[in-house]
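Just below is one structure, and these are the notes that go with it.
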Amino acid sequence: MMEHLPALMIAIPLFGAFTTPLLKKRQNIAAIWALIITVITFGLSLLLLQEVLSKGIIVYVFGANKPTLVLPSGYRVPVRIIFEIDAMGAFMALSATLMSFIGALYSYSHVEMETGLEKYYALLLLLEVGIIGMVLTGDLFNLFVFLEVAGIAGSALVGFRNYRGEASEAGIKYLMVSSVASLMVLFSIGLLYGQYGNLNMAYLSRQIHLDTVDMIALGLLFVSFAMKCGAVPMHYWVPDAYTEVPAGINPTLLVATYASLYALFRVSFSLFGAITWNMARVGWIMSILGVLTMFIGVTMALVQKDVKRLMSYHAISQTGYMLLGVGVGLTVLNDPAKLSAFGRAAMAGGIFHIINHIIYKSLLLMTAGALFYVTGTRNLNEMGGLARKMPYTTIAFIVGAAAISGLPPFNGFASKFLIYETSYQLNPLLAVFAMVTSVLTLASFVKVFASAFLGPPLEKYEEVREVPKPMVTAMIILAILCILFGLFPNVVLNKLIYPAVDALIKLAQYQSWGGLV
Amino acid sequence: MNGNIIAINFPFIVVALLLALGFYTIGFKRNLIKVVIGVEILESAVNLFLIALGYVKGGYAPIYTLAPKKAVGNMVLPTPQALTLTSIVIGVAVSALMLAFAVNIYRHYGTLDVTRIRRLRG
Amino acid sequence: MNFTLLSPSGFWDPVLWLIFLILFGIIGYIIYSRGNPSYKPNTEQVKPYLSGNVEPSKEKIMVRAGDIYWGFITALDEYYVALKRMHTGDLRDYILWYLGIGAIILFILVGGV
């Protein structure tokens with residue numbers, strides 16, 4: 001079974017997604033079936049991570065006699081769809097499966113009163129398949145297909161509550177953005193196929209040279225993946241989609257956005273690695289986009305009245321931190337002195353921020369979902385004094401708000417510390433923007449805390465009780481993860497993050513399929 | 001010589017025109033259904049680009065069964081045809097979902113004017 | 001096991017930070033426990049004193065979320081007016097921004113700048 005792990009990671013959630021609609025009569029059974037499937041997939045992803053960390057890059061060829069038969073006899077180019085899993089891909093797969101499990105656990109009681117739940121869980125599992133396929137594959141067209149699967153499943157879930165007009169509006173906006181971006185990705189894939197005749201990313205990265213058509217392909221891929229991950233000024237779909245989606249899907253939808261960020265890194269570091277190696281302008285574009293994203297995201301968040309919309313503007317702003325960290329690393333990629341001095345640590349800060357952000361942003365969005373469940377409204381002007389009635393939600397919110405503002409000892413501080421120090425050495429202005437953003441983030445979360453939780457108890461919320469146990473359990477698990485990742489950051493860094501950074505930097509390993517050819 | 005270049009690259013010129021037309025329709029038309037049709041025009045442009053890539057001058061259809069003698073080794077590239085089929089199927093799913101959302105929007109908002117379907121703004 | 005996070009120009013040790021936090025917390029608690037013990041919760045002592053006026057209902061006196069950062073937002077008024085005009089909510093603008101930024105990035109990458 002060990003050598004067929006990559007195929008199992010796609011097959012098991014796909015099997016779950018296709019059998020869930022059969023459980024139409026008893027909707028709790030559909031929820032429990034989705035929980036079982038996500039737990040099994042999470043266990044498989046832990047096994048996969050352990051395999052990759054001990055044995056290097058795992059290569060899986062679909063349909064060959066042996067799973068590592070990259071070049072069959074008599075061929076000089078690779079054929080068949082090849083999954084190439086390095087430490088970065090395994091890290092993203094781990095976060096995808098963990099967040100799907102947490103989302104399914106939270107959804108068990110959050111959407112209990114809705115109808116059509118078997119479709120909800122089937123779409124959740126399909127979204128998970130799309131994300132896992134995107135991060136594990138080594139083939140460009142396969143990336144496009146899984147990108148579209150994730151986009152369609154995600155937008156169907158955004159428009160799930162179709163008794164509200166706003167949900168369909170958010171759904172069509174997300175679907176339009178997703179399909180235009182994917183069509184332009186397919187156009188660049190066509191350009192690259194026309195030039196070189198092959199679709200395998202490792203083979204293409206050996207052949208790419210500095211040519212106008214290749215630069216056009218890089219530009220289109222860069223901009224399309226930047227739009228799909230919410231970089232300013234193409235971020236307008238993010239608040240709409242994250243507000244209207246049911247709160248149990250928010251963790252998985254967040255990981256879908258960061259899977260596009262992973263695809264952006266894969267294109268910049270591995271596919272076009274031979275060119276961006278000494279072309280500093282790509283790294284500068286990424287860093288400037290990062291700084292712009294951070295600042296505009298957080299200043300728009302200060303004036304929002306809808307609690308989930310405020311949190312989704314913060315999601316945009318924290319994506320800027322990741323773009324800044326990895327952009328700094330990309331800029332100094334060809335200078336070994338600077339790379340070992342601060343480039344590698346900057347990339348580690350950016351990639352560590354991905355998993356930290358996924359954990360605390362899911363926690364915060366789930367507390368917002370709990371507020372919606374209890375009061376029936378998302379408008380902050382109408383809430384007040386809920387801290388005494390919902391103690392667990394309050395504690396989870398405090399942990400999440402402290403983590404996102406970068407207060408020690410939570411996990412946000414550990415990754416932001418690395419990003420501040422290293423971006424200062426590239427250009428001091430970048431670090432200034434990062435710190436101002438941190439302060440404004442804390443300001444807006446103090447606003448949410450003061451208006452929703454503190455204050456005198458209102459009469460209309462007299463008989464409000466704490467939210468049901470599955471929701472509380474999901475939130476407490478994430479809060480504990482926040483604290484653990486903050487207290488022991490170097491354990492996470494040495495075991496998960498630095499292998500991922502080295503997998504992105506060492507192009508020769510990726511190009512030779514982990515030493516197979 | 002000039003006419004020959006245009007004749008050879010004619011499919012790619014049509015692709016460029018369709019891309020421009022698709023983006024114009026998405027960016028400047030007011031009716032939501034017209035915006036959805038703009039996405040479909042973009043899709044046709046990219047599918048045409050993929051098919052036109054695979055053409056080999058004087059090539060035959062890439063099928064081995066009952067192929068004529070001089071067709072073996074002189075076939076059009078088959079991979080872009082597979083890519084295009086996949087893309088057409090994905091396009092069908094996207095169009096169906098977009099139109100379903102448009103029907104639901106009409107039911108709740110009463111209008112299909114893009115400048116009035118803006119409750120989620122700011 | 002080493003719990004220190006090393007960065008290129010410094011280090012961060014969270015366990016040491018926690019130990020100091022607990023130490024200072026204990027010192028703070030000792031100072032607090034020597035304070036004034038005359039506070040009785042849930043009696044007449046905790047009601048607000050309004051010179052004999054009737055206390056208004058809680059909905060009227062609570063500070064709403066929209067009013068909290070009024071000074072900051074009014075000071076940056078021109079910036080926010082421009083920013084809010086960018087966020088129209090119109091579906092077509094989402095794609096037009098994508099085209100604009102795509103054109104700029106392609107121009108930079110192909111070698112114009």
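By order in the structure tokens, chains are A, B, ...; within a chain, residues start at 1; ligands start at 1, following the order shown.
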Q) If you count only C-alpha atoms, which residues fall within 6 Å of stretch 102-112 of chain C, apart from same-chain ones fewer than 4 positions away, as a PyMOL selection string? A) (chain A and resi 215+219+223) or (chain C and resi 98)
Same residues, C-alpha atoms, saved as a tab-separated table (two decimals), in the first residue's frame:
chain	number	residue	atom	x	y	z
A	215	MET	CA	7.86	35.10	-20.82
A	219	GLY	CA	3.26	36.44	-17.05
A	223	VAL	CA	-1.25	36.93	-12.90
C	98	TYR	CA	-7.30	41.51	-13.88
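When the distance limit is 6 Å and only C-alpha atoms are what count, the residues near stretch 77-89 of chain B, minus those fewer than 6 positions from it on the same chain, are Asn47, Leu50, Ile51 and Gly54 of chain B.
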Item to complete: Output as a list in words all residues of chain C that backbone DSSP marks as strand (DSSP E or B).
Response: Leu5, Leu6, Ser7, Gly10, Phe11 and Trp12 of chain C
Exercise. Kindly determine which residues of chain B lie within 12 Å of chain C, considering only C-alpha atoms, and give the answer as a ChimeraX atom specification.
Key: /B:19-20,22-32,34-36,38-39,113-122
Output C-alpha atoms of each residue in that selection to a file, as a tab-separated table (two decimals), in the first residue's frame.
chain	number	residue	atom	x	y	z
B	19	LEU	CA	-10.10	36.63	-26.93
B	20	ALA	CA	-10.56	40.36	-27.45
B	22	GLY	CA	-14.67	37.69	-25.03
B	23	PHE	CA	-12.98	40.17	-22.72
B	24	TYR	CA	-14.97	43.04	-24.24
B	25	THR	CA	-18.23	41.20	-23.62
B	26	ILE	CA	-17.34	40.41	-20.01
B	27	GLY	CA	-16.08	43.91	-19.31
B	28	PHE	CA	-18.61	46.16	-20.95
B	29	LYS	CA	-22.00	44.49	-21.23
B	30	ARG	CA	-24.77	45.09	-18.71
B	31	ASN	CA	-26.92	42.01	-18.88
B	32	LEU	CA	-25.74	39.13	-16.70
B	34	LYS	CA	-24.34	38.46	-21.84
B	35	VAL	CA	-21.48	38.36	-19.33
B	36	VAL	CA	-21.92	34.57	-19.04
B	38	GLY	CA	-18.61	36.30	-22.78
B	39	VAL	CA	-17.04	33.57	-20.64
B	113	ASP	CA	-28.60	44.29	-14.65
B	114	VAL	CA	-25.02	43.85	-13.40
B	115	THR	CA	-24.89	47.39	-12.03
B	116	ARG	CA	-27.87	46.62	-9.76
B	117	ILE	CA	-26.76	43.19	-8.50
B	118	ARG	CA	-24.39	44.81	-6.06
B	119	ARG	CA	-25.64	44.15	-2.57
B	120	LEU	CA	-22.24	42.82	-1.54
B	121	ARG	CA	-20.01	45.83	-1.96
B	122	GLY	CA	-17.48	47.89	-0.04
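Between atom CA of A:Ser260 and atom CA of A:Leu430 there is a distance of 23.8 Å.
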Q: Residues of chain B near chain A: apply a cut-off of 6 Å, count only C-alpha atoms, and supply the list as a ChimeraX atom specification.
A: /B:46,50,98,101,105,108
Go ahead and dump the residues you just picked, N, CA and C atoms, as a PDB file, in the first residue's frame.
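Once written, result-v7.pdb looks like this:
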ATOM      1  N   VAL B  46      -9.959  29.588 -26.376  1.00  0.00           N
ATOM      2  CA  VAL B  46      -8.860  28.757 -25.887  1.00  0.00           C
ATOM      3  C   VAL B  46      -8.941  27.366 -26.501  1.00  0.00           C
ATOM      4  N   LEU B  50      -6.012  25.478 -28.778  1.00  0.00           N
ATOM      5  CA  LEU B  50      -5.414  24.169 -28.532  1.00  0.00           C
ATOM      6  C   LEU B  50      -5.486  23.280 -29.764  1.00  0.00           C
ATOM      7  N   MET B  98     -23.163  28.536 -13.854  1.00  0.00           N
ATOM      8  CA  MET B  98     -23.348  29.992 -13.921  1.00  0.00           C
ATOM      9  C   MET B  98     -24.781  30.354 -14.254  1.00  0.00           C
ATOM     10  N   PHE B 101     -26.993  29.928 -11.261  1.00  0.00           N
ATOM     11  CA  PHE B 101     -26.891  31.069 -10.362  1.00  0.00           C
ATOM     12  C   PHE B 101     -27.644  32.267 -10.916  1.00  0.00           C
ATOM     13  N   ILE B 105     -30.518  34.399  -9.108  1.00  0.00           N
ATOM     14  CA  ILE B 105     -30.379  35.834  -8.881  1.00  0.00           C
ATOM     15  C   ILE B 105     -31.606  36.566  -9.400  1.00  0.00           C
ATOM     16  N   HIS B 108     -34.429  36.397  -6.926  1.00  0.00           N
ATOM     17  CA  HIS B 108     -34.348  37.174  -5.689  1.00  0.00           C
ATOM     18  C   HIS B 108     -34.229  38.667  -5.917  1.00  0.00           C
TER      19      HIS B 108
END
Q: Determine, counting only C-alpha atoms, which protein, DNA and RNA residues have an atom within 12 Å of an atom of C:Leu76; residues of the same chain fewer than 5 positions away are not included. Present the result as a PyMOL selection string.
A: (chain A and resi 299-300+302-303) or (chain C and resi 69-71+81-83)
List as JSON lines every residue of chain A that is in contact with chain C, defined as an atom at most 7 Å from one of its atoms (using only C-alpha atoms), together with the nearest atom pair and the distance in Å rounded to one decimal, sorted by chain and then rising number.
{"residue": "A:Lys173", "atom": "CA", "partner": "C:Leu91", "partner_atom": "CA", "distance": 6.4}
{"residue": "A:Thr212", "atom": "CA", "partner": "C:Val110", "partner_atom": "CA", "distance": 6.3}
{"residue": "A:Met215", "atom": "CA", "partner": "C:Val110", "partner_atom": "CA", "distance": 5.8}
{"residue": "A:Ile216", "atom": "CA", "partner": "C:Leu106", "partner_atom": "CA", "distance": 6.3}
{"residue": "A:Gly219", "atom": "CA", "partner": "C:Leu106", "partner_atom": "CA", "distance": 5.1}
{"residue": "A:Leu220", "atom": "CA", "partner": "C:Gly102", "partner_atom": "CA", "distance": 6.9}
{"residue": "A:Val223", "atom": "CA", "partner": "C:Gly102", "partner_atom": "CA", "distance": 5.8}
{"residue": "A:Pro233", "atom": "CA", "partner": "C:Trp97", "partner_atom": "CA", "distance": 6.8}
{"residue": "A:Met234", "atom": "CA", "partner": "C:Tyr98", "partner_atom": "CA", "distance": 6.0}
{"residue": "A:Tyr236", "atom": "CA", "partner": "C:Tyr94", "partner_atom": "CA", "distance": 6.5}
{"residue": "A:Lys305", "atom": "CA", "partner": "C:Gly66", "partner_atom": "CA", "distance": 6.4}
{"residue": "A:Ala341", "atom": "CA", "partner": "C:Pro8", "partner_atom": "CA", "distance": 6.2}
{"residue": "A:Phe342", "atom": "CA", "partner": "C:Pro8", "partner_atom": "CA", "distance": 6.1}
{"residue": "A:Ala345", "atom": "CA", "partner": "C:Ser7", "partner_atom": "CA", "distance": 6.9}
{"residue": "A:Leu380", "atom": "CA", "partner": "C:Ala65", "partner_atom": "CA", "distance": 5.8}
{"residue": "A:Asn381", "atom": "CA", "partner": "C:Arg64", "partner_atom": "CA", "distance": 5.1}
{"residue": "A:Pro409", "atom": "CA", "partner": "C:Pro14", "partner_atom": "CA", "distance": 6.0}
{"residue": "A:Leu418", "atom": "CA", "partner": "C:Ser7", "partner_atom": "CA", "distance": 6.3}
{"residue": "A:Lys447", "atom": "CA", "partner": "C:Ala65", "partner_atom": "CA", "distance": 6.6}
{"residue": "A:Ser451", "atom": "CA", "partner": "C:Ala65", "partner_atom": "CA", "distance": 5.4}
{"residue": "A:Gly455", "atom": "CA", "partner": "C:Met62", "partner_atom": "CA", "distance": 6.9}
{"residue": "A:Pro456", "atom": "CA", "partner": "C:Lys58", "partner_atom": "CA", "distance": 6.6}
{"residue": "A:Leu458", "atom": "CA", "partner": "C:Lys58", "partner_atom": "CA", "distance": 6.1}
{"residue": "A:Leu487", "atom": "CA", "partner": "C:Pro14", "partner_atom": "CA", "distance": 5.5}
{"residue": "A:Phe488", "atom": "CA", "partner": "C:Phe3", "partner_atom": "CA", "distance": 6.2}
{"residue": "A:Pro489", "atom": "CA", "partner": "C:Leu5", "partner_atom": "CA", "distance": 6.5}
{"residue": "A:Asn490", "atom": "CA", "partner": "C:Leu5", "partner_atom": "CA", "distance": 5.1}
**OP:** Could you tell me, as a PyMOL selection string, which residues of chain B DSSP assigns to helix (DSSP H, G or I) when given the backbone?
**Re:** chain B and resi 2-8+10-28+32-53+69-71+79-109+114-116
For A:Met113, the closest of A:Gly16, A:Arg161, A:Ala274, A:Gly486 counting only C-alpha atoms is A:Arg161
